[in-house]
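Asks: As input, take model-v4.cif (mmCIF, C-alpha atoms):
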data_data
loop_
_atom_site.group_PDB
_atom_site.id
_atom_site.type_symbol
_atom_site.label_atom_id
_atom_site.label_comp_id
_atom_site.auth_asym_id
_atom_site.auth_seq_id
_atom_site.Cartn_x
_atom_site.Cartn_y
_atom_site.Cartn_z
ATOM 1 C CA MET A 19 -45.059 161.400 177.597
ATOM 2 C CA ARG A 20 -45.823 162.209 181.225
ATOM 3 C CA PRO A 21 -44.765 165.741 182.305
ATOM 4 C CA ASN A 22 -42.071 166.275 184.905
ATOM 5 C CA ALA A 23 -43.111 165.837 188.518
ATOM 6 C CA SER A 24 -43.411 169.174 190.315
ATOM 7 C CA PRO A 25 -41.229 169.969 193.348
ATOM 8 C CA THR A 26 -44.321 169.242 195.472
ATOM 9 C CA ASP A 27 -44.621 165.798 193.850
ATOM 10 C CA LEU A 28 -40.939 165.082 194.529
ATOM 11 C CA ARG A 29 -41.279 166.149 198.158
ATOM 12 C CA ALA A 30 -44.259 163.807 198.470
ATOM 13 C CA LEU A 31 -42.185 161.010 196.908
ATOM 14 C CA LEU A 32 -39.408 161.660 199.419
ATOM 15 C CA GLU A 33 -41.905 161.600 202.273
ATOM 16 C CA ARG A 34 -43.339 158.278 201.059
ATOM 17 C CA ALA A 35 -39.797 156.891 201.016
ATOM 18 C CA ARG A 36 -39.539 157.131 204.804
ATOM 19 C CA GLY A 37 -39.374 153.669 206.328
ATOM 20 C CA ARG A 38 -38.984 151.856 203.003
ATOM 21 C CA SER A 39 -36.573 148.950 203.191
ATOM 22 C CA VAL A 40 -33.419 148.750 201.071
ATOM 23 C CA LEU A 41 -30.925 145.906 200.915
ATOM 24 C CA VAL A 42 -27.451 147.140 199.955
ATOM 25 C CA VAL A 43 -25.036 144.474 198.687
ATOM 26 C CA GLY A 44 -21.421 145.341 197.994
ATOM 27 C CA ASP A 45 -17.916 146.294 198.978
ATOM 28 C CA LEU A 46 -17.711 147.756 202.465
ATOM 29 C CA MET A 47 -14.998 150.327 203.106
ATOM 30 C CA LEU A 48 -13.730 152.545 205.875
ATOM 31 C CA ASP A 49 -12.637 156.020 204.794
ATOM 32 C CA HIS A 50 -9.941 157.298 207.156
ATOM 33 C CA PHE A 51 -8.971 160.975 206.985
ATOM 34 C CA VAL A 52 -5.788 162.324 208.593
ATOM 35 C CA ILE A 53 -5.998 166.106 208.507
ATOM 36 C CA GLY A 54 -3.303 168.674 209.164
ATOM 37 C CA ARG A 55 -1.631 171.936 208.224
ATOM 38 C CA VAL A 56 1.092 172.297 205.600
ATOM 39 C CA ASP A 57 3.604 175.073 206.198
ATOM 40 C CA ARG A 58 6.805 173.719 204.677
ATOM 41 C CA ILE A 59 8.442 171.206 202.368
ATOM 42 C CA SER A 60 10.397 168.331 203.869
ATOM 43 C CA PRO A 61 14.220 168.621 203.737
ATOM 44 C CA GLU A 62 14.322 164.845 203.179
ATOM 45 C CA ALA A 63 12.356 164.818 199.909
ATOM 46 C CA PRO A 64 10.286 167.276 197.818
ATOM 47 C CA VAL A 65 7.066 166.494 199.687
ATOM 48 C CA PRO A 66 4.923 168.591 202.052
ATOM 49 C CA VAL A 67 5.224 168.111 205.810
ATOM 50 C CA VAL A 68 1.749 167.717 207.297
ATOM 51 C CA GLN A 69 1.389 168.932 210.877
ATOM 52 C CA PHE A 70 -1.246 166.608 212.360
ATOM 53 C CA ASP A 71 -4.444 168.307 213.539
ATOM 54 C CA GLN A 72 -7.179 165.653 213.647
ATOM 55 C CA GLU A 73 -8.428 162.406 212.133
ATOM 56 C CA ASN A 74 -11.833 160.982 211.426
ATOM 57 C CA TYR A 75 -13.488 157.933 209.934
ATOM 58 C CA ARG A 76 -16.424 157.764 207.551
ATOM 59 C CA LEU A 77 -18.438 154.948 206.030
ATOM 60 C CA GLY A 78 -17.233 154.348 202.473
ATOM 61 C CA GLY A 79 -18.035 152.285 199.407
ATOM 62 C CA ALA A 80 -21.258 150.294 199.724
ATOM 63 C CA ALA A 81 -21.417 151.379 203.377
ATOM 64 C CA ASN A 82 -21.726 154.982 202.178
ATOM 65 C CA VAL A 83 -24.660 153.960 199.978
ATOM 66 C CA ALA A 84 -26.324 152.414 203.030
ATOM 67 C CA ASN A 85 -25.544 155.511 205.097
ATOM 68 C CA ASN A 86 -27.179 157.728 202.473
ATOM 69 C CA VAL A 87 -30.310 155.545 202.419
ATOM 70 C CA ALA A 88 -30.543 155.736 206.219
ATOM 71 C CA ALA A 89 -30.015 159.517 206.240
ATOM 72 C CA LEU A 90 -32.793 159.908 203.661
ATOM 73 C CA GLY A 91 -35.192 158.069 205.963
ATOM 74 C CA GLY A 92 -35.010 154.521 204.663
ATOM 75 C CA ARG A 93 -34.472 151.298 206.584
ATOM 76 C CA VAL A 94 -31.300 149.534 205.478
ATOM 77 C CA GLU A 95 -29.796 146.087 205.680
ATOM 78 C CA MET A 96 -26.160 145.692 204.628
ATOM 79 C CA ALA A 97 -24.674 142.597 202.974
ATOM 80 C CA GLY A 98 -20.944 142.419 202.371
ATOM 81 C CA VAL A 99 -17.588 141.289 203.722
ATOM 82 C CA VAL A 100 -15.184 142.642 206.334
ATOM 83 C CA GLY A 101 -11.949 141.281 207.702
ATOM 84 C CA ASN A 102 -11.620 139.811 211.171
ATOM 85 C CA ASP A 103 -9.727 142.899 212.343
ATOM 86 C CA ALA A 104 -10.057 146.158 214.277
ATOM 87 C CA GLU A 105 -11.128 148.070 211.152
ATOM 88 C CA GLY A 106 -13.908 145.554 210.537
ATOM 89 C CA ALA A 107 -15.101 145.965 214.116
ATOM 90 C CA ARG A 108 -15.067 149.775 213.735
ATOM 91 C CA LEU A 109 -16.974 149.542 210.458
ATOM 92 C CA ALA A 110 -19.621 147.266 211.997
ATOM 93 C CA ALA A 111 -19.978 149.584 215.002
ATOM 94 C CA ASP A 112 -20.318 152.651 212.752
ATOM 95 C CA LEU A 113 -22.984 150.895 210.659
ATOM 96 C CA ARG A 114 -24.964 150.013 213.785
ATOM 97 C CA ALA A 115 -24.615 153.585 215.064
ATOM 98 C CA ALA A 116 -26.149 154.824 211.801
ATOM 99 C CA GLY A 117 -29.115 152.485 212.275
ATOM 100 C CA ILE A 118 -28.011 150.112 209.528
ATOM 101 C CA GLY A 119 -28.602 146.380 209.926
ATOM 102 C CA ILE A 120 -25.501 144.192 209.641
ATOM 103 C CA GLY A 121 -27.071 140.738 209.633
ATOM 104 C CA GLY A 122 -25.840 140.254 206.071
ATOM 105 C CA VAL A 123 -22.203 141.130 206.819
ATOM 106 C CA VAL A 124 -19.789 138.189 206.733
ATOM 107 C CA ALA A 125 -16.364 138.250 208.448
ATOM 108 C CA ASP A 126 -13.552 136.737 206.363
ATOM 109 C CA LYS A 127 -10.426 135.983 208.371
ATOM 110 C CA SER A 128 -8.364 135.578 205.188
ATOM 111 C CA ARG A 129 -8.604 139.233 204.164
ATOM 112 C CA CYS A 130 -8.329 142.708 205.669
ATOM 113 C CA THR A 131 -11.142 145.226 205.866
ATOM 114 C CA THR A 132 -10.815 147.731 203.036
ATOM 115 C CA ARG A 133 -9.563 151.072 204.380
ATOM 116 C CA LYS A 134 -8.628 154.149 202.389
ATOM 117 C CA LEU A 135 -6.387 156.449 204.404
ATOM 118 C CA ARG A 136 -6.260 159.957 202.970
ATOM 119 C CA VAL A 137 -3.797 162.590 204.177
ATOM 120 C CA VAL A 138 -5.564 165.914 203.691
ATOM 121 C CA THR A 139 -4.727 169.525 204.471
ATOM 122 C CA THR A 140 -7.022 171.785 206.478
ATOM 123 C CA ARG A 141 -7.898 173.380 203.115
ATOM 124 C CA ASN A 142 -9.249 170.030 201.871
ATOM 125 C CA GLN A 143 -6.315 169.374 199.548
ATOM 126 C CA GLN A 144 -5.410 165.700 199.353
ATOM 127 C CA VAL A 145 -1.687 165.049 199.835
ATOM 128 C CA ALA A 146 -1.612 161.258 199.604
ATOM 129 C CA ARG A 147 -3.789 158.147 199.820
ATOM 130 C CA ILE A 148 -2.868 154.752 201.213
ATOM 131 C CA ASP A 149 -5.130 151.784 200.431
ATOM 132 C CA TYR A 150 -5.351 148.761 202.722
ATOM 133 C CA GLU A 151 -7.234 146.126 200.782
ATOM 134 C CA CYS A 152 -7.530 142.628 199.396
ATOM 135 C CA ASP A 153 -9.329 142.950 196.069
ATOM 136 C CA SER A 154 -9.369 139.312 194.989
ATOM 137 C CA PRO A 155 -12.821 137.683 194.789
ATOM 138 C CA VAL A 156 -14.028 136.042 197.996
ATOM 139 C CA ASP A 157 -13.569 132.272 198.095
ATOM 140 C CA ALA A 158 -16.372 129.787 197.468
ATOM 141 C CA GLU A 159 -17.211 129.345 201.161
ATOM 142 C CA ILE A 160 -17.585 133.084 201.810
ATOM 143 C CA GLU A 161 -19.459 133.539 198.519
ATOM 144 C CA ALA A 162 -21.976 130.852 199.521
ATOM 145 C CA ALA A 163 -22.439 132.350 202.997
ATOM 146 C CA LEU A 164 -22.909 135.827 201.565
ATOM 147 C CA GLY A 165 -25.351 134.575 198.915
ATOM 148 C CA LYS A 166 -27.457 132.907 201.610
ATOM 149 C CA ARG A 167 -27.624 136.105 203.659
ATOM 150 C CA ILE A 168 -28.499 138.147 200.565
ATOM 151 C CA ARG A 169 -31.450 135.883 199.781
ATOM 152 C CA GLU A 170 -32.663 136.019 203.382
ATOM 153 C CA ALA A 171 -32.429 139.820 203.586
ATOM 154 C CA ALA A 172 -34.029 140.360 200.160
ATOM 155 C CA ALA A 173 -37.186 138.684 201.435
ATOM 156 C CA HIS A 174 -37.877 141.783 203.539
ATOM 157 C CA ALA A 175 -36.685 144.500 201.123
ATOM 158 C CA ASP A 176 -38.554 146.920 198.847
ATOM 159 C CA VAL A 177 -35.525 147.331 196.574
ATOM 160 C CA VAL A 178 -32.062 145.755 196.226
ATOM 161 C CA VAL A 179 -28.902 147.764 195.456
ATOM 162 C CA ILE A 180 -25.548 146.337 194.350
ATOM 163 C CA SER A 181 -22.618 148.695 194.972
ATOM 164 C CA ASP A 182 -19.606 147.215 193.195
ATOM 165 C CA TYR A 183 -16.203 148.711 194.001
ATOM 166 C CA GLN A 184 -14.364 145.631 192.693
ATOM 167 C CA LYS A 185 -12.948 144.716 196.109
ATOM 168 C CA GLY A 186 -14.078 141.083 195.988
ATOM 169 C CA ALA A 187 -17.502 140.954 197.640
ATOM 170 C CA VAL A 188 -19.432 141.321 194.378
ATOM 171 C CA THR A 189 -18.861 138.147 192.377
ATOM 172 C CA LYS A 190 -21.038 136.757 189.621
ATOM 173 C CA GLY A 191 -22.589 134.489 192.254
ATOM 174 C CA THR A 192 -23.401 137.188 194.795
ATOM 175 C CA ALA A 193 -24.594 139.640 192.124
ATOM 176 C CA GLN A 194 -26.940 137.079 190.601
ATOM 177 C CA ALA A 195 -28.171 136.028 194.059
ATOM 178 C CA ALA A 196 -29.217 139.652 194.642
ATOM 179 C CA ILE A 197 -30.751 140.209 191.188
ATOM 180 C CA GLU A 198 -32.604 136.896 191.156
ATOM 181 C CA ALA A 199 -33.918 137.386 194.702
ATOM 182 C CA ALA A 200 -35.253 140.806 193.698
ATOM 183 C CA ALA A 201 -36.849 139.440 190.519
ATOM 184 C CA ALA A 202 -38.518 136.621 192.455
ATOM 185 C CA ARG A 203 -40.230 139.189 194.693
ATOM 186 C CA GLY A 204 -41.038 141.618 191.893
ATOM 187 C CA ILE A 205 -38.891 144.424 193.327
ATOM 188 C CA PRO A 206 -36.257 146.507 191.503
ATOM 189 C CA SER A 207 -32.543 145.709 191.525
ATOM 190 C CA LEU A 208 -30.116 148.590 190.948
ATOM 191 C CA VAL A 209 -26.390 148.333 190.216
ATOM 192 C CA ASP A 210 -23.548 150.839 190.543
ATOM 193 C CA PRO A 211 -21.138 148.921 188.285
ATOM 194 C CA LYS A 212 -17.489 148.265 187.602
ATOM 195 C CA VAL A 213 -16.572 147.726 183.958
ATOM 196 C CA PRO A 214 -14.647 144.414 184.347
ATOM 197 C CA ASN A 215 -17.715 142.902 186.053
ATOM 198 C CA ILE A 216 -20.269 143.975 183.433
ATOM 199 C CA ASP A 217 -21.345 140.371 182.788
ATOM 200 C CA TYR A 218 -22.353 139.934 186.437
ATOM 201 C CA TYR A 219 -25.376 142.230 186.242
ATOM 202 C CA ALA A 220 -27.662 140.561 183.667
ATOM 203 C CA GLY A 221 -31.316 141.022 184.549
ATOM 204 C CA ALA A 222 -30.870 144.128 186.718
ATOM 205 C CA ALA A 223 -33.671 146.690 186.568
ATOM 206 C CA LEU A 224 -31.236 149.609 186.322
ATOM 207 C CA ILE A 225 -27.465 150.088 186.043
ATOM 208 C CA THR A 226 -25.938 153.500 186.835
ATOM 209 C CA PRO A 227 -22.541 153.894 185.092
ATOM 210 C CA ASN A 228 -20.739 157.208 185.017
ATOM 211 C CA HIS A 229 -19.862 158.490 181.557
ATOM 212 C CA LEU A 230 -16.342 157.029 181.637
ATOM 213 C CA GLU A 231 -17.683 153.578 182.529
ATOM 214 C CA ALA A 232 -20.323 153.848 179.814
ATOM 215 C CA GLU A 233 -17.631 154.823 177.293
ATOM 216 C CA ALA A 234 -15.461 151.874 178.312
ATOM 217 C CA VAL A 235 -18.293 149.355 177.951
ATOM 218 C CA THR A 236 -19.660 150.694 174.659
ATOM 219 C CA LEU A 237 -16.395 151.939 173.112
ATOM 220 C CA GLN A 238 -18.209 155.183 172.270
ATOM 221 C CA ARG A 239 -17.324 158.766 173.138
ATOM 222 C CA ILE A 240 -19.970 160.633 175.122
ATOM 223 C CA ARG A 241 -19.720 164.378 174.581
ATOM 224 C CA SER A 242 -23.356 165.243 173.889
ATOM 225 C CA ALA A 243 -26.876 164.200 174.806
ATOM 226 C CA GLU A 244 -27.245 162.390 171.485
ATOM 227 C CA GLU A 245 -24.055 160.423 172.108
ATOM 228 C CA ALA A 246 -25.286 159.607 175.632
ATOM 229 C CA ARG A 247 -28.539 158.347 174.128
ATOM 230 C CA ALA A 248 -26.724 156.008 171.734
ATOM 231 C CA ALA A 249 -24.349 154.805 174.454
ATOM 232 C CA ALA A 250 -27.205 154.066 176.877
ATOM 233 C CA GLN A 251 -28.953 151.905 174.290
ATOM 234 C CA GLN A 252 -25.780 149.982 173.515
ATOM 235 C CA PHE A 253 -24.928 149.658 177.222
ATOM 236 C CA ARG A 254 -28.342 148.135 177.906
ATOM 237 C CA GLU A 255 -27.813 145.545 175.185
ATOM 238 C CA ARG A 256 -24.281 144.710 176.351
ATOM 239 C CA ALA A 257 -25.165 144.435 180.043
ATOM 240 C CA ARG A 258 -28.534 142.725 179.380
ATOM 241 C CA CYS A 259 -30.313 144.981 181.874
ATOM 242 C CA HIS A 260 -33.648 146.776 181.650
ATOM 243 C CA GLY A 261 -32.660 150.404 182.211
ATOM 244 C CA VAL A 262 -29.566 152.617 182.228
ATOM 245 C CA LEU A 263 -28.781 155.881 184.009
ATOM 246 C CA ILE A 264 -25.546 157.494 182.796
ATOM 247 C CA THR A 265 -24.221 160.149 185.185
ATOM 248 C CA ARG A 266 -22.398 162.859 183.225
ATOM 249 C CA GLY A 267 -20.982 165.203 185.879
ATOM 250 C CA GLU A 268 -21.612 168.844 185.019
ATOM 251 C CA HIS A 269 -23.738 167.688 182.053
ATOM 252 C CA GLY A 270 -26.299 165.985 184.275
ATOM 253 C CA MET A 271 -27.717 162.517 183.603
ATOM 254 C CA TRP A 272 -29.149 160.508 180.743
ATOM 255 C CA LEU A 273 -31.875 158.004 181.615
ATOM 256 C CA LEU A 274 -32.958 155.138 179.380
ATOM 257 C CA ALA A 275 -36.128 153.632 180.865
ATOM 258 C CA ALA A 276 -38.949 151.416 179.636
ATOM 259 C CA ASP A 277 -41.229 154.447 179.237
ATOM 260 C CA GLY A 278 -38.781 156.695 177.417
ATOM 261 C CA GLU A 279 -35.428 158.477 177.342
ATOM 262 C CA PHE A 280 -34.724 161.580 179.388
ATOM 263 C CA ASP A 281 -31.966 164.186 179.544
ATOM 264 C CA LEU A 282 -31.686 165.534 183.114
ATOM 265 C CA PRO A 283 -29.604 168.725 183.513
ATOM 266 C CA ALA A 284 -27.121 168.944 186.388
ATOM 267 C CA GLU A 285 -28.414 170.333 189.683
ATOM 268 C CA ALA A 286 -25.059 171.199 191.314
ATOM 269 C CA ARG A 287 -24.486 174.881 191.982
ATOM 270 C CA GLU A 288 -20.931 174.427 193.236
ATOM 271 C CA VAL A 289 -18.569 171.451 193.167
ATOM 272 C CA SER A 290 -16.167 170.795 196.041
ATOM 273 C CA ASP A 291 -15.576 167.032 195.718
ATOM 274 C CA VAL A 292 -17.252 164.333 193.623
ATOM 275 C CA THR A 293 -16.147 161.525 195.990
ATOM 276 C CA GLY A 294 -19.163 159.372 196.815
ATOM 277 C CA ALA A 295 -21.578 161.237 194.529
ATOM 278 C CA GLY A 296 -22.469 157.988 192.765
ATOM 279 C CA ASP A 297 -23.342 156.486 196.161
ATOM 280 C CA THR A 298 -25.774 159.343 196.804
ATOM 281 C CA VAL A 299 -27.332 158.912 193.347
ATOM 282 C CA ILE A 300 -28.084 155.214 193.701
ATOM 283 C CA ALA A 301 -29.299 155.608 197.306
ATOM 284 C CA ALA A 302 -31.828 158.275 196.306
ATOM 285 C CA MET A 303 -32.822 156.298 193.201
ATOM 286 C CA ALA A 304 -33.458 153.230 195.333
ATOM 287 C CA LEU A 305 -35.669 155.070 197.798
ATOM 288 C CA GLY A 306 -37.577 156.851 195.035
ATOM 289 C CA LEU A 307 -38.406 153.516 193.426
ATOM 290 C CA ALA A 308 -39.169 151.876 196.781
ATOM 291 C CA ALA A 309 -41.697 154.656 197.388
ATOM 292 C CA GLY A 310 -43.487 153.832 194.124
ATOM 293 C CA GLY A 311 -41.979 156.540 191.941
ATOM 294 C CA SER A 312 -41.180 156.135 188.251
ATOM 295 C CA LEU A 313 -37.579 155.781 187.129
ATOM 296 C CA ARG A 314 -37.768 159.333 185.796
ATOM 297 C CA ASP A 315 -38.959 160.861 189.062
ATOM 298 C CA ALA A 316 -36.535 158.755 191.112
ATOM 299 C CA ALA A 317 -33.725 159.992 188.831
ATOM 300 C CA ARG A 318 -34.800 163.614 189.333
ATOM 301 C CA LEU A 319 -34.728 163.071 193.089
ATOM 302 C CA ALA A 320 -31.262 161.484 192.785
ATOM 303 C CA ASN A 321 -30.025 164.306 190.573
ATOM 304 C CA ARG A 322 -30.968 166.891 193.193
ATOM 305 C CA ALA A 323 -29.361 164.830 195.983
ATOM 306 C CA ALA A 324 -26.136 164.502 193.985
ATOM 307 C CA GLY A 325 -26.050 168.283 193.534
ATOM 308 C CA LEU A 326 -25.978 168.635 197.312
ATOM 309 C CA ALA A 327 -23.364 165.883 197.806
ATOM 310 C CA VAL A 328 -20.734 167.312 195.455
ATOM 311 C CA ALA A 329 -20.799 170.654 197.292
ATOM 312 C CA ARG A 330 -19.090 168.982 200.273
ATOM 313 C CA PHE A 331 -15.723 167.364 200.861
ATOM 314 C CA GLY A 332 -15.434 163.576 201.003
ATOM 315 C CA PRO A 333 -18.216 160.988 201.150
ATOM 316 C CA VAL A 334 -21.271 162.466 202.841
ATOM 317 C CA ALA A 335 -24.815 161.382 203.635
ATOM 318 C CA ILE A 336 -27.499 163.836 202.526
ATOM 319 C CA THR A 337 -30.417 163.953 204.961
ATOM 320 C CA ALA A 338 -34.091 163.874 204.046
ATOM 321 C CA GLU A 339 -34.501 167.354 205.517
ATOM 322 C CA GLU A 340 -31.658 168.776 203.389
ATOM 323 C CA LEU A 341 -33.040 167.203 200.221
ATOM 324 C CA ALA A 342 -36.607 168.327 200.954
ATOM 325 C CA ALA A 343 -35.385 171.902 201.432
ATOM 326 C CA ALA A 344 -33.624 171.769 198.043
ATOM 327 C CA LEU A 345 -36.676 170.509 196.112
#
Could you write out this structure as C-alpha cells?
Replies:
Amino acid sequence: MRPNASPTDLRALLERARGRSVLVVGDLMLDHFVIGRVDRISPEAPVPVVQFDQENYRLGGAANVANNVAALGGRVEMAGVVGNDAEGARLAADLRAAGIGIGGVVADKSRCTTRKLRVVTTRNQQVARIDYECDSPVDAEIEAALGKRIREAAAHADVVVISDYQKGAVTKGTAQAAIEAAAARGIPSLVDPKVPNIDYYAGAALITPNHLEAEAVTLQRIRSAEEARAAAQQFRERARCHGVLITRGEHGMWLLAADGEFDLPAEAREVSDVTGAGDTVIAAMALGLAAGGSLRDAARLANRAAGLAVARFGPVAITAEELAAAL
C-alpha cells in the first residue's frame, strides 16, 4: 500500500491542478441572503421581526461546485438549466464574473431559475428559507439540447462532475451523456448524488454520498469505520460505479477505490455551517484527479478543503492560496 502523500506532495498536486479543465453538469441555483437584526418578536404572530440590514447573492448548487473549481485555479465550463427570468440572467452574469464558461447552460422558458432565499440574522442564525423552484425533470427537448452541449464541452475537459440537487437538470439522459462522454475520452466522471436518482449514475468513476445518503441506498447504519467500509462496498454494487467516497461529517471520510480502502479523519477545526461542504469536496476531488493524483491523494486534498469550508457561513469558494496555506 502506498504511503500517504506528504503536505509537500499535496501542495505540488494543487499547483499542478492550475489550469486543468473541469466540466460541471448539474442543477444551477442562486443563493439569496437577506440579513438583518432581530430585537423583538412580532405582535402579529410568535415570530421574530427582522430589521433589514443588507442582502447578497451567491452561486449555489452546481454553480457553487463550479465556483470552487475556479477559485482553486481550475478552468470550468458549466452545463445546466436556468429559467428565462431575471434570476437566470443574474446567475449567468455571476458565473461569467467568476470566470466560468456558460456555453453549456440552456434557458428553459417553462421553468423558473432555482433561488433559495434565506432570512438570516447578523449573528448568522437562519430565521426562514423560501424556495423558488421547479423540480420536475426537464422536458425531452431541453434534455436533448443539454445532452448535446454536455458532449461538446466534455471533449475539452480533463474531468467531468455531475452535481445533482434533484431540481430537474440531471436526468438519466443527461447523467449518462456526461458519464459516457467522459468514458469515451478516458477521463474520470464524479457524481455528487441524490438517492432517488441512484440508477442514473452507472459507470461513474466515483460517487460521493454523505453518510445519510449512503445509509438510505444501502439500508445500513453507519456509525463506525467498519460500517462505512461495508456500506461503501454495497453502495458501489448498487450504483454500479467504480469508486465511492462517503463523507461522514466530524468522522471524516471513507474512500473505496480500486487500489484500496482508506479511512480519512476529519480536518475541520471548527464548524460554523456545513452548507455547500459537499460542493467543495467534489470540486477539490475533481481538480486533484485532473492533475494526475490518485483517488486517495485527491480525497486528502478534498478533506482539507472541506475543513476550511465548514468554518464559514453559507456556501463559499475556497481559494488555492487558502488551501495551500492549510496543507
Asks: Name the residues captured by the PyMOL selection byres ((chain A and resi 306-322) around 8) when it is applied to the shown file; answer as a count of residues only.
Replies: 37
Asks: From the options A:Gly221, A:Arg203, A:Ala295, A:Val235, which residue's atoms come nearest to Val83 of chain A, counting all atoms listed in the file?
Replies: A:Ala295
Asks: If you count all atoms listed in the file, which residues fall within 9 Å of segment 114-124 of chain A, apart from same-chain ones fewer than 3 positions away, as a short mmCIF file (atom, residue, chain, number, x, y, z; two decimals) with C-alpha atoms, keeping the file's coordinate frame?
Replies:
data_model
loop_
_atom_site.label_atom_id
_atom_site.label_comp_id
_atom_site.auth_asym_id
_atom_site.auth_seq_id
_atom_site.Cartn_x
_atom_site.Cartn_y
_atom_site.Cartn_z
CA VAL A 43 -25.04 144.47 198.69
CA ALA A 84 -26.32 152.41 203.03
CA ASN A 85 -25.54 155.51 205.10
CA ALA A 88 -30.54 155.74 206.22
CA ALA A 89 -30.02 159.52 206.24
CA ARG A 93 -34.47 151.30 206.58
CA VAL A 94 -31.30 149.53 205.48
CA GLU A 95 -29.80 146.09 205.68
CA MET A 96 -26.16 145.69 204.63
CA ALA A 97 -24.67 142.60 202.97
CA GLY A 98 -20.94 142.42 202.37
CA VAL A 99 -17.59 141.29 203.72
CA VAL A 100 -15.18 142.64 206.33
CA GLY A 101 -11.95 141.28 207.70
CA LEU A 109 -16.97 149.54 210.46
CA ALA A 110 -19.62 147.27 212.00
CA ALA A 111 -19.98 149.58 215.00
CA ILE A 160 -17.58 133.08 201.81
CA ALA A 163 -22.44 132.35 203.00
CA LEU A 164 -22.91 135.83 201.56
CA LYS A 166 -27.46 132.91 201.61
CA ARG A 167 -27.62 136.10 203.66
CA ILE A 168 -28.50 138.15 200.56
CA GLU A 170 -32.66 136.02 203.38
CA ALA A 171 -32.43 139.82 203.59
#
Asks: Rank A:Asn86, A:Thr226, A:Ser242, A:Thr192 by their smallest atom-to-atom distance to Glu268 of chain A, using all atoms listed in the file, and report the top residue only.
Replies: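 Going through A:Asn86, A:Thr226, A:Ser242, A:Thr192 one by one, the smallest distance to Glu268 of chain A is for A:Ser242.
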Asks: Assuming the chain letters and numbering stay as they are in my file, what does the PyMOL selection byres ((chain A and resi 102) around 6) actually select? List them as a PyMOL selection string.
Replies: chain A and resi 101+103+125+127
Asks: Please write as an NGL selection string the full residue list that the PyMOL selection byres ((chain A and resi 225) around 9) yields on this file.
Replies: :A and (207-211 or 219 or 222-224 or 226-227 or 254 or 257 or 259-264)
Asks: The centre and edge lengths of an axis-aligned box containing all atoms of segment 159-172 of chain A present in the file, extended by 6 Å on each side, are to be given in Å to one decimal, as JSON.
Replies:
{"center_x": -25.6, "center_y": 134.9, "center_z": 201.1, "size_x": 28.8, "size_y": 23.0, "size_z": 17.1}
Asks: With all atoms listed in the file as the basis for distance, which of A:Gln252, A:Asp149, A:Asn142, A:Glu73 is at the shortest distance from Gly332 of chain A?
Replies: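 Using all atoms listed in the file, Gly332 of chain A sits closest to A:Asn142.
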Asks: Between atom CA of Ala249 of chain A and atom CA of Val328 of chain A, what distance in Å does the model show, to one decimal?
Replies: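 Result for atom CA of Ala249 of chain A versus atom CA of Val328 of chain A: 24.7 Å, one decimal.
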Asks: When you count all atoms listed in the file, which of these residues is closest to Tyr75 of chain A: A:Asp112, A:Arg147, A:Val156, A:Gly191?
Replies: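 Ranking A:Asp112, A:Arg147, A:Val156, A:Gly191 by distance to Tyr75 of chain A, first place goes to A:Asp112.
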Asks: Counting all atoms listed in the file, figure out which residue out of A:Ala30, A:Val68, A:Ala232, A:Ala338 gets nearest to Val138 of chain A.
Replies: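 Residue with the minimum atom-to-atom distance to Val138 of chain A: A:Val68.
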Asks: What's the separation between atom CA of Ala187 of chain A and atom CA of Thr236 of chain A, in Å to one decimal place?
Replies: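 Going from atom CA of Ala187 of chain A over to atom CA of Thr236 of chain A, I get 25.1 Å.
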Asks: Between atom CA of Val188 of chain A and atom CA of Pro155 of chain A, what is the distance, to one decimal in Å?
Replies: 7.6 Å
